[in-house]
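The file work_18.cif contains mmCIF, C-alpha atoms:
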```cif
data_query
#
loop_
_atom_site.group_PDB
_atom_site.id
_atom_site.type_symbol
_atom_site.label_atom_id
_atom_site.label_comp_id
_atom_site.auth_asym_id
_atom_site.auth_seq_id
_atom_site.Cartn_x
_atom_site.Cartn_y
_atom_site.Cartn_z
ATOM 1 C CA MET X 1 -30.377 -89.651 -2.464
ATOM 2 C CA PRO X 2 -29.136 -89.685 1.162
ATOM 3 C CA ASN X 3 -26.414 -92.133 2.072
ATOM 4 C CA THR X 4 -27.574 -94.887 4.405
ATOM 5 C CA LEU X 5 -25.291 -95.459 7.352
ATOM 6 C CA LEU X 6 -24.446 -99.075 8.049
ATOM 7 C CA PRO X 7 -25.803 -100.316 11.392
ATOM 8 C CA ARG X 8 -23.160 -100.730 14.042
ATOM 9 C CA GLY X 9 -24.797 -103.755 15.648
ATOM 10 C CA ALA X 10 -27.772 -104.906 17.727
ATOM 11 C CA SER X 11 -26.699 -103.763 21.189
ATOM 12 C CA GLU X 12 -28.483 -100.888 22.904
ATOM 13 C CA THR X 13 -25.421 -98.695 22.527
ATOM 14 C CA ALA X 14 -25.051 -99.516 18.847
ATOM 15 C CA ILE X 15 -28.723 -98.731 18.174
ATOM 16 C CA TYR X 16 -28.387 -95.448 20.073
ATOM 17 C CA LEU X 17 -25.318 -94.492 18.044
ATOM 18 C CA ASP X 18 -27.103 -95.370 14.789
ATOM 19 C CA GLN X 19 -30.058 -93.160 15.734
ATOM 20 C CA GLN X 20 -27.776 -90.266 16.634
ATOM 21 C CA SER X 21 -25.820 -90.700 13.401
ATOM 22 C CA GLN X 22 -29.008 -90.662 11.348
ATOM 23 C CA LYS X 23 -30.246 -87.557 13.161
ATOM 24 C CA ALA X 24 -26.922 -85.874 12.485
ATOM 25 C CA GLN X 25 -27.113 -86.849 8.838
ATOM 26 C CA VAL X 26 -30.638 -85.422 8.457
ATOM 27 C CA HIS X 27 -29.480 -82.244 10.195
ATOM 28 C CA PHE X 28 -26.480 -82.024 7.873
ATOM 29 C CA GLU X 29 -28.679 -82.422 4.779
ATOM 30 C CA GLN X 30 -31.122 -79.798 6.050
ATOM 31 C CA THR X 31 -28.245 -77.429 6.746
ATOM 32 C CA ALA X 32 -26.833 -78.037 3.267
ATOM 33 C CA ALA X 33 -30.226 -77.332 1.679
ATOM 34 C CA PHE X 34 -30.744 -74.290 3.900
ATOM 35 C CA SER X 35 -27.387 -72.839 2.864
ATOM 36 C CA LYS X 36 -28.657 -72.659 -0.731
ATOM 37 C CA GLN X 37 -31.802 -70.780 0.311
ATOM 38 C CA PRO X 38 -30.681 -67.236 -0.647
ATOM 39 C CA ALA X 39 -29.976 -68.351 -4.217
ATOM 40 C CA ILE X 40 -33.242 -70.301 -4.408
ATOM 41 C CA GLU X 41 -35.168 -67.229 -3.247
ATOM 42 C CA GLU X 42 -33.402 -65.058 -5.828
ATOM 43 C CA LEU X 43 -34.241 -67.652 -8.476
ATOM 44 C CA ALA X 44 -37.928 -67.526 -7.518
ATOM 45 C CA ASP X 45 -37.805 -63.742 -7.671
ATOM 46 C CA ILE X 46 -36.267 -63.773 -11.174
ATOM 47 C CA TRP X 47 -38.846 -66.296 -12.348
ATOM 48 C CA GLU X 48 -41.676 -64.007 -11.252
ATOM 49 C CA GLU X 49 -40.218 -61.091 -13.211
ATOM 50 C CA CYS X 50 -38.996 -62.929 -16.299
ATOM 51 C CA LYS X 51 -41.675 -65.524 -17.055
ATOM 52 C CA THR X 52 -43.543 -63.172 -19.382
ATOM 53 C CA PHE X 53 -42.658 -61.928 -22.855
ATOM 54 C CA ASN X 54 -40.732 -58.634 -23.114
ATOM 55 C CA TRP X 55 -39.712 -58.572 -19.464
ATOM 56 C CA ASP X 56 -36.638 -56.477 -20.374
ATOM 57 C CA GLY X 57 -38.360 -53.925 -22.643
ATOM 58 C CA TYR X 58 -36.388 -55.254 -25.649
ATOM 59 C CA SER X 59 -38.738 -58.113 -26.654
ATOM 60 C CA ALA X 60 -37.089 -60.735 -24.441
ATOM 61 C CA ASP X 61 -38.325 -64.300 -24.530
ATOM 62 C CA PRO X 62 -39.938 -65.535 -21.325
ATOM 63 C CA VAL X 63 -37.911 -67.830 -19.093
ATOM 64 C CA GLN X 64 -39.368 -71.320 -19.457
ATOM 65 C CA ALA X 65 -40.260 -73.652 -16.599
ATOM 66 C CA SER X 66 -37.660 -76.183 -17.775
ATOM 67 C CA THR X 67 -34.947 -73.507 -17.534
ATOM 68 C CA LEU X 68 -36.081 -72.725 -14.008
ATOM 69 C CA SER X 69 -35.910 -76.368 -12.961
ATOM 70 C CA TYR X 70 -32.426 -76.845 -14.452
ATOM 71 C CA ALA X 71 -31.216 -73.711 -12.656
ATOM 72 C CA TYR X 72 -32.715 -75.040 -9.410
ATOM 73 C CA ALA X 73 -31.000 -78.388 -9.952
ATOM 74 C CA PHE X 74 -27.698 -76.634 -10.651
ATOM 75 C CA ILE X 75 -27.856 -74.674 -7.405
ATOM 76 C CA GLN X 76 -28.762 -77.789 -5.441
ATOM 77 C CA ALA X 77 -25.898 -79.678 -7.085
ATOM 78 C CA LEU X 78 -23.313 -77.107 -6.003
ATOM 79 C CA PRO X 79 -20.979 -78.813 -3.548
ATOM 80 C CA LEU X 80 -21.252 -77.621 0.030
ATOM 81 C CA GLY X 81 -18.865 -74.759 0.684
ATOM 82 C CA PHE X 82 -18.979 -73.403 -2.858
ATOM 83 C CA PRO X 83 -20.017 -69.741 -3.085
ATOM 84 C CA LEU X 84 -23.571 -69.124 -4.244
ATOM 85 C CA PRO X 85 -24.130 -67.305 -7.540
ATOM 86 C CA SER X 86 -26.257 -64.262 -8.109
ATOM 87 C CA ILE X 87 -29.108 -65.022 -10.486
ATOM 88 C CA GLY X 88 -30.110 -63.125 -13.610
ATOM 89 C CA ALA X 89 -31.712 -63.569 -17.009
ATOM 90 C CA GLU X 90 -30.947 -62.801 -20.631
ATOM 91 C CA ALA X 91 -33.162 -61.700 -23.488
ATOM 92 C CA ASP X 92 -33.161 -65.178 -25.067
ATOM 93 C CA GLY X 93 -34.866 -66.561 -21.952
ATOM 94 C CA HIS X 94 -31.757 -68.145 -20.469
ATOM 95 C CA LEU X 95 -31.191 -67.837 -16.737
ATOM 96 C CA THR X 96 -27.752 -66.706 -15.660
ATOM 97 C CA LEU X 97 -25.680 -67.638 -12.654
ATOM 98 C CA GLU X 98 -22.885 -65.224 -11.873
ATOM 99 C CA TRP X 99 -19.867 -65.474 -9.595
ATOM 100 C CA TYR X 100 -18.445 -61.970 -9.379
ATOM 101 C CA ARG X 101 -15.302 -60.614 -7.788
ATOM 102 C CA CYS X 102 -15.060 -57.430 -9.862
ATOM 103 C CA SER X 103 -15.955 -56.344 -13.403
ATOM 104 C CA HIS X 104 -12.725 -57.863 -14.760
ATOM 105 C CA TRP X 105 -12.862 -61.079 -12.736
ATOM 106 C CA LEU X 106 -16.087 -63.060 -12.993
ATOM 107 C CA LEU X 107 -17.833 -66.129 -14.336
ATOM 108 C CA SER X 108 -21.246 -66.069 -15.968
ATOM 109 C CA ILE X 109 -23.150 -69.238 -16.872
ATOM 110 C CA SER X 110 -26.316 -69.236 -18.970
ATOM 111 C CA ILE X 111 -28.713 -72.118 -18.525
ATOM 112 C CA SER X 112 -30.832 -72.911 -21.579
ATOM 113 C CA PRO X 113 -34.242 -74.608 -21.594
ATOM 114 C CA ASP X 114 -32.621 -77.709 -23.117
ATOM 115 C CA SER X 115 -30.094 -77.925 -20.289
ATOM 116 C CA VAL X 116 -26.970 -76.637 -21.957
ATOM 117 C CA LEU X 117 -24.606 -74.524 -19.852
ATOM 118 C CA TYR X 118 -23.035 -71.682 -21.845
ATOM 119 C CA TYR X 119 -20.260 -70.062 -19.877
ATOM 120 C CA ALA X 120 -17.849 -67.192 -20.194
ATOM 121 C CA ALA X 121 -15.306 -66.010 -17.677
ATOM 122 C CA LEU X 122 -13.042 -63.031 -17.521
ATOM 123 C CA PHE X 123 -9.857 -63.298 -15.448
ATOM 124 C CA GLY X 124 -8.101 -60.003 -15.926
ATOM 125 C CA ASN X 125 -6.716 -60.020 -19.438
ATOM 126 C CA SER X 126 -7.607 -63.621 -20.219
ATOM 127 C CA ASP X 127 -11.012 -65.055 -20.967
ATOM 128 C CA VAL X 128 -12.527 -68.496 -21.283
ATOM 129 C CA HIS X 129 -15.799 -69.516 -22.888
ATOM 130 C CA GLY X 130 -17.571 -72.658 -23.985
ATOM 131 C CA SER X 131 -20.538 -74.912 -23.332
ATOM 132 C CA GLU X 132 -21.246 -78.094 -21.407
ATOM 133 C CA PRO X 133 -24.315 -80.314 -21.124
ATOM 134 C CA PHE X 134 -25.928 -80.487 -17.687
ATOM 135 C CA PHE X 135 -27.826 -83.592 -16.693
ATOM 136 C CA GLY X 136 -29.373 -82.176 -13.556
ATOM 137 C CA ASP X 137 -27.159 -83.823 -10.954
ATOM 138 C CA ASN X 138 -23.417 -83.447 -11.369
ATOM 139 C CA ILE X 139 -21.922 -80.101 -12.297
ATOM 140 C CA PRO X 140 -19.096 -80.576 -14.817
ATOM 141 C CA LYS X 141 -15.676 -80.379 -13.153
ATOM 142 C CA SER X 142 -14.515 -77.747 -15.646
ATOM 143 C CA ILE X 143 -17.295 -75.444 -14.384
ATOM 144 C CA LEU X 144 -16.487 -76.113 -10.714
ATOM 145 C CA ASP X 145 -12.852 -75.282 -11.457
ATOM 146 C CA LEU X 146 -13.892 -71.943 -12.986
ATOM 147 C CA ILE X 147 -16.055 -71.082 -9.959
ATOM 148 C CA GLN X 148 -13.092 -71.738 -7.673
ATOM 149 C CA ARG X 149 -10.824 -69.692 -9.912
ATOM 150 C CA VAL X 150 -13.021 -66.609 -9.462
ATOM 151 C CA TYR X 151 -12.278 -66.545 -5.743
ATOM 152 C CA ARG X 152 -8.742 -67.921 -5.723
ATOM 153 C CA ALA X 153 -6.292 -65.373 -4.312
ATOM 154 C CA MET G 1 -30.449 -34.479 -31.214
ATOM 155 C CA ILE G 2 -28.894 -35.432 -34.560
ATOM 156 C CA ASP G 3 -30.543 -33.797 -37.579
ATOM 157 C CA PRO G 4 -32.686 -36.602 -39.067
ATOM 158 C CA GLN G 5 -31.927 -35.241 -42.527
ATOM 159 C CA ALA G 6 -28.164 -35.512 -42.070
ATOM 160 C CA ILE G 7 -27.249 -38.582 -40.021
ATOM 161 C CA PRO G 8 -23.462 -38.758 -39.656
ATOM 162 C CA PRO G 9 -21.650 -42.101 -39.506
ATOM 163 C CA VAL G 10 -20.738 -43.312 -36.026
ATOM 164 C CA GLU G 11 -17.255 -42.273 -34.904
ATOM 165 C CA GLU G 12 -15.022 -44.116 -32.431
ATOM 166 C CA SER G 13 -14.913 -41.183 -30.032
ATOM 167 C CA GLU G 14 -18.702 -41.068 -29.580
ATOM 168 C CA TRP G 15 -20.559 -42.260 -26.496
ATOM 169 C CA LEU G 16 -23.549 -44.612 -26.526
ATOM 170 C CA ALA G 17 -26.321 -45.270 -23.996
ATOM 171 C CA ARG G 18 -27.967 -48.604 -23.296
ATOM 172 C CA TYR G 19 -31.215 -48.303 -21.343
ATOM 173 C CA ILE G 20 -31.831 -50.703 -18.457
ATOM 174 C CA MET G 21 -35.415 -51.773 -17.830
ATOM 175 C CA SER G 22 -34.848 -54.750 -15.534
ATOM 176 C CA GLN G 23 -33.593 -54.581 -11.959
ATOM 177 C CA LYS G 24 -31.903 -57.937 -12.546
ATOM 178 C CA HIS G 25 -29.479 -56.360 -15.010
ATOM 179 C CA TYR G 26 -27.392 -54.494 -12.482
ATOM 180 C CA ARG G 27 -25.820 -55.257 -9.139
ATOM 181 C CA SER G 28 -26.427 -53.598 -5.799
ATOM 182 C CA ASP G 29 -23.229 -51.558 -6.262
ATOM 183 C CA LEU G 30 -24.723 -50.224 -9.550
ATOM 184 C CA THR G 31 -22.221 -52.050 -11.731
ATOM 185 C CA VAL G 32 -23.962 -53.503 -14.767
ATOM 186 C CA LYS G 33 -24.102 -57.247 -15.438
ATOM 187 C CA PRO G 34 -23.179 -58.772 -18.818
ATOM 188 C CA ASP G 35 -26.784 -59.993 -19.183
ATOM 189 C CA PRO G 36 -28.225 -56.879 -20.931
ATOM 190 C CA PHE G 37 -25.496 -57.103 -23.589
ATOM 191 C CA ILE G 38 -26.641 -60.396 -25.079
ATOM 192 C CA PRO G 39 -28.072 -59.512 -28.507
ATOM 193 C CA TYR G 40 -31.544 -60.888 -29.147
ATOM 194 C CA LYS G 41 -33.766 -61.585 -31.101
ATOM 195 C CA HIS G 42 -31.516 -60.395 -33.880
ATOM 196 C CA ARG G 43 -27.763 -60.370 -33.532
ATOM 197 C CA GLU G 44 -27.641 -56.657 -32.858
ATOM 198 C CA LEU G 45 -27.810 -54.544 -29.737
ATOM 199 C CA SER G 46 -29.891 -51.389 -29.634
ATOM 200 C CA VAL G 47 -28.161 -48.237 -28.310
ATOM 201 C CA THR G 48 -28.613 -44.464 -28.433
ATOM 202 C CA ARG G 49 -25.839 -42.110 -29.512
ATOM 203 C CA HIS G 50 -25.033 -39.172 -27.271
ATOM 204 C CA ARG G 51 -23.967 -37.124 -30.280
ATOM 205 C CA ASP G 52 -25.671 -33.739 -30.531
ATOM 206 C CA ALA G 53 -28.010 -34.660 -27.664
ATOM 207 C CA THR G 54 -28.248 -33.050 -24.262
ATOM 208 C CA ASP G 55 -28.256 -35.322 -21.215
ATOM 209 C CA ASN G 56 -31.936 -34.478 -20.781
ATOM 210 C CA GLU G 57 -32.693 -35.548 -24.359
ATOM 211 C CA ILE G 58 -30.920 -38.882 -23.817
ATOM 212 C CA TRP G 59 -33.107 -39.475 -20.764
ATOM 213 C CA ILE G 60 -36.255 -38.489 -22.656
ATOM 214 C CA VAL G 61 -35.518 -41.126 -25.313
ATOM 215 C CA GLY G 62 -35.084 -43.732 -22.553
ATOM 216 C CA GLN G 63 -38.299 -42.687 -20.830
ATOM 217 C CA ASP G 64 -40.135 -42.903 -24.182
ATOM 218 C CA VAL G 65 -38.776 -46.401 -24.873
ATOM 219 C CA ALA G 66 -39.769 -47.578 -21.393
ATOM 220 C CA GLU G 67 -43.204 -46.008 -21.678
ATOM 221 C CA GLN G 68 -43.865 -47.607 -25.075
ATOM 222 C CA GLN G 69 -42.884 -50.991 -23.637
ATOM 223 C CA GLY G 70 -44.870 -50.535 -20.432
ATOM 224 C CA LYS G 71 -41.664 -50.831 -18.406
ATOM 225 C CA THR G 72 -39.842 -48.869 -15.736
ATOM 226 C CA LEU G 73 -36.626 -47.158 -16.773
ATOM 227 C CA TYR G 74 -34.173 -48.035 -14.007
ATOM 228 C CA GLY G 75 -31.322 -46.202 -15.648
ATOM 229 C CA ARG G 76 -28.810 -46.277 -18.424
ATOM 230 C CA THR G 77 -25.225 -47.317 -18.867
ATOM 231 C CA ASP G 78 -22.823 -45.519 -21.187
ATOM 232 C CA ILE G 79 -19.969 -46.867 -23.255
ATOM 233 C CA GLN G 80 -17.621 -45.288 -25.751
ATOM 234 C CA VAL G 81 -17.783 -46.617 -29.313
ATOM 235 C CA LYS G 82 -14.076 -47.547 -29.353
ATOM 236 C CA ASP G 83 -14.705 -49.873 -26.391
ATOM 237 C CA CYS G 84 -17.459 -51.650 -28.349
ATOM 238 C CA LEU G 85 -15.144 -52.665 -31.163
ATOM 239 C CA VAL G 86 -14.456 -56.076 -29.629
ATOM 240 C CA ASP G 87 -13.687 -58.884 -32.104
ATOM 241 C CA ALA G 88 -15.883 -58.256 -35.177
ATOM 242 C CA LEU G 89 -18.311 -55.805 -33.554
ATOM 243 C CA SER G 90 -19.107 -52.489 -35.185
ATOM 244 C CA VAL G 91 -21.537 -49.694 -34.380
ATOM 245 C CA ILE G 92 -23.836 -48.633 -37.200
ATOM 246 C CA GLU G 93 -26.209 -45.670 -37.247
ATOM 247 C CA LYS G 94 -29.831 -46.896 -37.438
ATOM 248 C CA PRO G 95 -32.033 -43.838 -36.977
ATOM 249 C CA LEU G 96 -35.641 -44.436 -35.993
ATOM 250 C CA PRO G 97 -38.572 -42.094 -36.719
ATOM 251 C CA ASN G 98 -38.665 -40.954 -33.075
ATOM 252 C CA ASN G 99 -34.954 -41.369 -32.327
ATOM 253 C CA PRO G 100 -32.487 -40.125 -34.940
ATOM 254 C CA ASN G 101 -29.686 -41.041 -32.506
ATOM 255 C CA HIS G 102 -30.497 -44.750 -32.559
ATOM 256 C CA ALA G 103 -27.684 -47.155 -33.509
ATOM 257 C CA ASP G 104 -27.009 -50.890 -33.416
ATOM 258 C CA ILE G 105 -23.957 -52.783 -32.223
ATOM 259 C CA GLU G 106 -23.598 -55.409 -34.945
ATOM 260 C CA GLY G 107 -21.270 -58.242 -35.922
ATOM 261 C CA TRP G 108 -22.046 -60.631 -33.073
ATOM 262 C CA PRO G 109 -21.009 -64.267 -33.460
ATOM 263 C CA PRO G 110 -23.845 -66.807 -33.667
ATOM 264 C CA ASP G 111 -22.472 -68.986 -30.837
ATOM 265 C CA LYS G 112 -23.999 -68.170 -27.448
ATOM 266 C CA SER G 113 -20.845 -68.695 -25.410
ATOM 267 C CA ALA G 114 -18.894 -66.457 -27.812
ATOM 268 C CA GLN G 115 -21.617 -63.812 -27.383
ATOM 269 C CA LYS G 116 -21.221 -64.113 -23.609
ATOM 270 C CA ALA G 117 -17.465 -63.730 -23.882
ATOM 271 C CA ILE G 118 -18.018 -60.402 -25.654
ATOM 272 C CA ALA G 119 -20.830 -59.346 -23.303
ATOM 273 C CA ILE G 120 -18.630 -59.713 -20.209
ATOM 274 C CA LYS G 121 -15.928 -57.614 -21.889
ATOM 275 C CA LEU G 122 -18.440 -54.865 -22.720
ATOM 276 C CA ALA G 123 -19.867 -54.993 -19.186
ATOM 277 C CA ALA G 124 -16.339 -54.506 -17.818
ATOM 278 C CA LEU G 125 -16.008 -51.264 -19.784
ATOM 279 C CA VAL G 126 -19.439 -49.631 -19.402
ATOM 280 C CA SER G 127 -20.233 -46.974 -16.835
ATOM 281 C CA ASN G 128 -22.027 -47.833 -13.630
ATOM 282 C CA LEU G 129 -25.788 -47.540 -13.834
ATOM 283 C CA LYS G 130 -26.872 -43.916 -14.095
ATOM 284 C CA ILE G 131 -30.171 -43.280 -12.391
ATOM 285 C CA PRO G 132 -32.783 -41.188 -14.253
ATOM 286 C CA PRO G 133 -33.122 -37.672 -12.884
ATOM 287 C CA ALA G 134 -36.282 -36.908 -10.976
ATOM 288 C CA ASN G 135 -37.415 -34.385 -13.569
ATOM 289 C CA THR G 136 -36.965 -35.418 -17.163
ATOM 290 C CA THR G 137 -38.826 -32.880 -19.236
ATOM 291 C CA GLU G 138 -39.591 -32.693 -22.939
ATOM 292 C CA GLY G 139 -38.349 -29.756 -24.964
#
```
Would you mind writing the file's structure down as structure tokens?
Amino acid sequence: MPNTLLPRGASETAIYLDQQSQKAQVHFEQTAAFSKQPAIEELADIWEECKTFNWDGYSADPVQASTLSYAYAFIQALPLGFPLPSIGAEADGHLTLEWYRCSHWLLSISISPDSVLYYAALFGNSDVHGSEPFFGDNIPKSILDLIQRVYRA
Amino acid sequence: MIDPQAIPPVEESEWLARYIMSQKHYRSDLTVKPDPFIPYKHRELSVTRHRDATDNEIWIVGQDVAEQQGKTLYGRTDIQVKDCLVDALSVIEKPLPNNPNHADIEGWPPDKSAQKAIAIKLAALVSNLKIPPANTTEG
């Protein structure tokens, strides 16, 4: 939900400033949404390919609509400035979000139809894996930390 | 191809092929994602042994699999057996009527995140995607 700016007052100048602030806020929100567009388009593309049984030639389950909507919510919930993932799918019908620096330095998150995030990361010789619930709005901090770690110098 | 009447056990020095039939399973630089290494529906991953097969024969098996499934074969990725022996994984010969070189990577944990942890390690060790040759011919 957008934040509402408090009115500055009733004078002509104050009203003008309020209007400009609100315009700027709408522009900011549109820019934020627009910045996610490449990932949203990739998500739509994956959905088209993977919504039917056996999409991988190895009897894969179809990706369910609920999985799609959780993946969409995850992308929208990414804080502004965070790198966008590349989108994929697995044979069990989970959608995957991947942050990739090289084959030995990456994070992969699987999103299940019941909104569980299964993640695994490889950072050179060390690896991390686990799961977190996702409620459709806030991305767990542990996951955000892993995304940042992929790109940290 | 391996003699169907005398299937040898899988050795650590052998190479295996995993066929890729989704464009979403590899990146634009032809590196392969971890996604095609998640075992499903059973906790085993289907592969084809290179042993006693020519490169052409390995491609023919992949083309046959893709054709049977009504899919496009985008390529294959190769991995050596010794690199598959992550955690409790093992590679077991599982010949099929039309593919005596078929094998399964078995011993996957039931937990999805643990499966992913193994899948990203395998994906770090496999070859880049190899594109099918223009002319793959039987015989």
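Taking all atoms listed in the file into account, Ile105 (chain G) lies nearest to G:Leu45 out of the set G:Leu45, G:Ala117, G:Ile131, G:Leu73.
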If the cut-off is 6 Å, can you tell me the residues of chain X near chain G, counting all atoms listed in the file? I'd like them as a ChimeraX atom specification. /X:56-57,88,90-91,103-104,118-120,129-130
Length of the CA of Ala103 (chain G) to CA of Ala17 (chain G) vector [Å]: 9.8 Å
Between G:Leu30, G:Ile7, G:Ile60, G:Met1, single out the one closest to Pro95 (chain G), counting all atoms listed in the file. G:Ile7
Since I can't run it myself right now, could you work out what the PyMOL selection byres ((chain G and resi 96) around 12) selects here and report it as a list in words? Ile2, Asp3, Pro4, Gln5, Ile7, Ser46, Val47, Thr48, Arg49, Val61, Val65, Glu93, Lys94, Pro95, Pro97, Asn98, Asn99, Pro100, Asn101, His102, Ala103 and Asp104 of chain G
Evaluate the PyMOL selection byres ((chain G and resi 132) around 8) against this structure - the residues, as a ChimeraX atom specification, please. /G:59,73-76,130-131,133-134,136
X:Gly9, X:Gly124, X:Pro133, X:Pro62 ranked by distance to Leu106 (chain X), top pick (using only C-alpha atoms):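 For Leu106 (chain X), the nearest of the given residues is X:Gly124.
Our summary of the geometry notes that CA of Asn135 (chain G) is positioned 25.0 Å from CA of Trp55 (chain X).
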Hey, what's within 12 Å of Tyr100 (chain X) if we count all atoms listed in the file and toss same-chain stuff fewer than 5 positions away? As number ranges by chain, please? X: 83-87, 105-109, 121-123, 146-152; G: 27, 29, 31-34, 120, 124
Name the residues, using the chain letters and numbers of the file, that sit within 9 Å of (-19.2, -36.4, -29.8) when counting all atoms listed in the file, and give them as a list in words.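 Output: Glu11, Ser13, Glu14, Trp15, Arg49, His50, Arg51 and Asp52 of chain G.
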Between CA of Ala65 (chain X) and CA of Cys50 (chain X) - distance in Å to one decimal: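 Computing it gives 10.8 Å between the two atoms.
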All file atoms of region 95-99 of chain X boxed axis-aligned, 5 Å per side, centre plus edges, as JSON:
```
{"center_x": -25.5, "center_y": -66.5, "center_z": -13.2, "size_x": 21.3, "size_y": 12.6, "size_z": 17.1}
```
Carefully work through the PyMOL selection byres ((chain X and resi 80) around 9) for this structure and note down the residues it includes, as a PyMOL selection string. chain X and resi 32+35-36+77-79+81-83
For the residues selected in the previous step, produce a file with C-alpha atoms as a short mmCIF file (atom, residue, chain, number, x, y, z; two decimals), keeping the file's coordinate frame.
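Generated file (result_23.cif):
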```cif
data_model
loop_
_atom_site.label_atom_id
_atom_site.label_comp_id
_atom_site.auth_asym_id
_atom_site.auth_seq_id
_atom_site.Cartn_x
_atom_site.Cartn_y
_atom_site.Cartn_z
CA ALA X 32 -26.83 -78.04 3.27
CA SER X 35 -27.39 -72.84 2.86
CA LYS X 36 -28.66 -72.66 -0.73
CA ALA X 77 -25.90 -79.68 -7.08
CA LEU X 78 -23.31 -77.11 -6.00
CA PRO X 79 -20.98 -78.81 -3.55
CA GLY X 81 -18.86 -74.76 0.68
CA PHE X 82 -18.98 -73.40 -2.86
CA PRO X 83 -20.02 -69.74 -3.08
#
```
Counting only C-alpha atoms, the residue of G:Asp64, G:Leu89, G:Pro9, G:Thr77 that sits nearest Pro109 (chain G):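 Of all the options, G:Leu89 lies closest to Pro109 (chain G).
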Shortest contact to Val10 (chain G), candidates G:Trp108, G:Ser28, G:Leu85, G:Asn128, atoms counted all atoms listed in the file, goes to G:Leu85
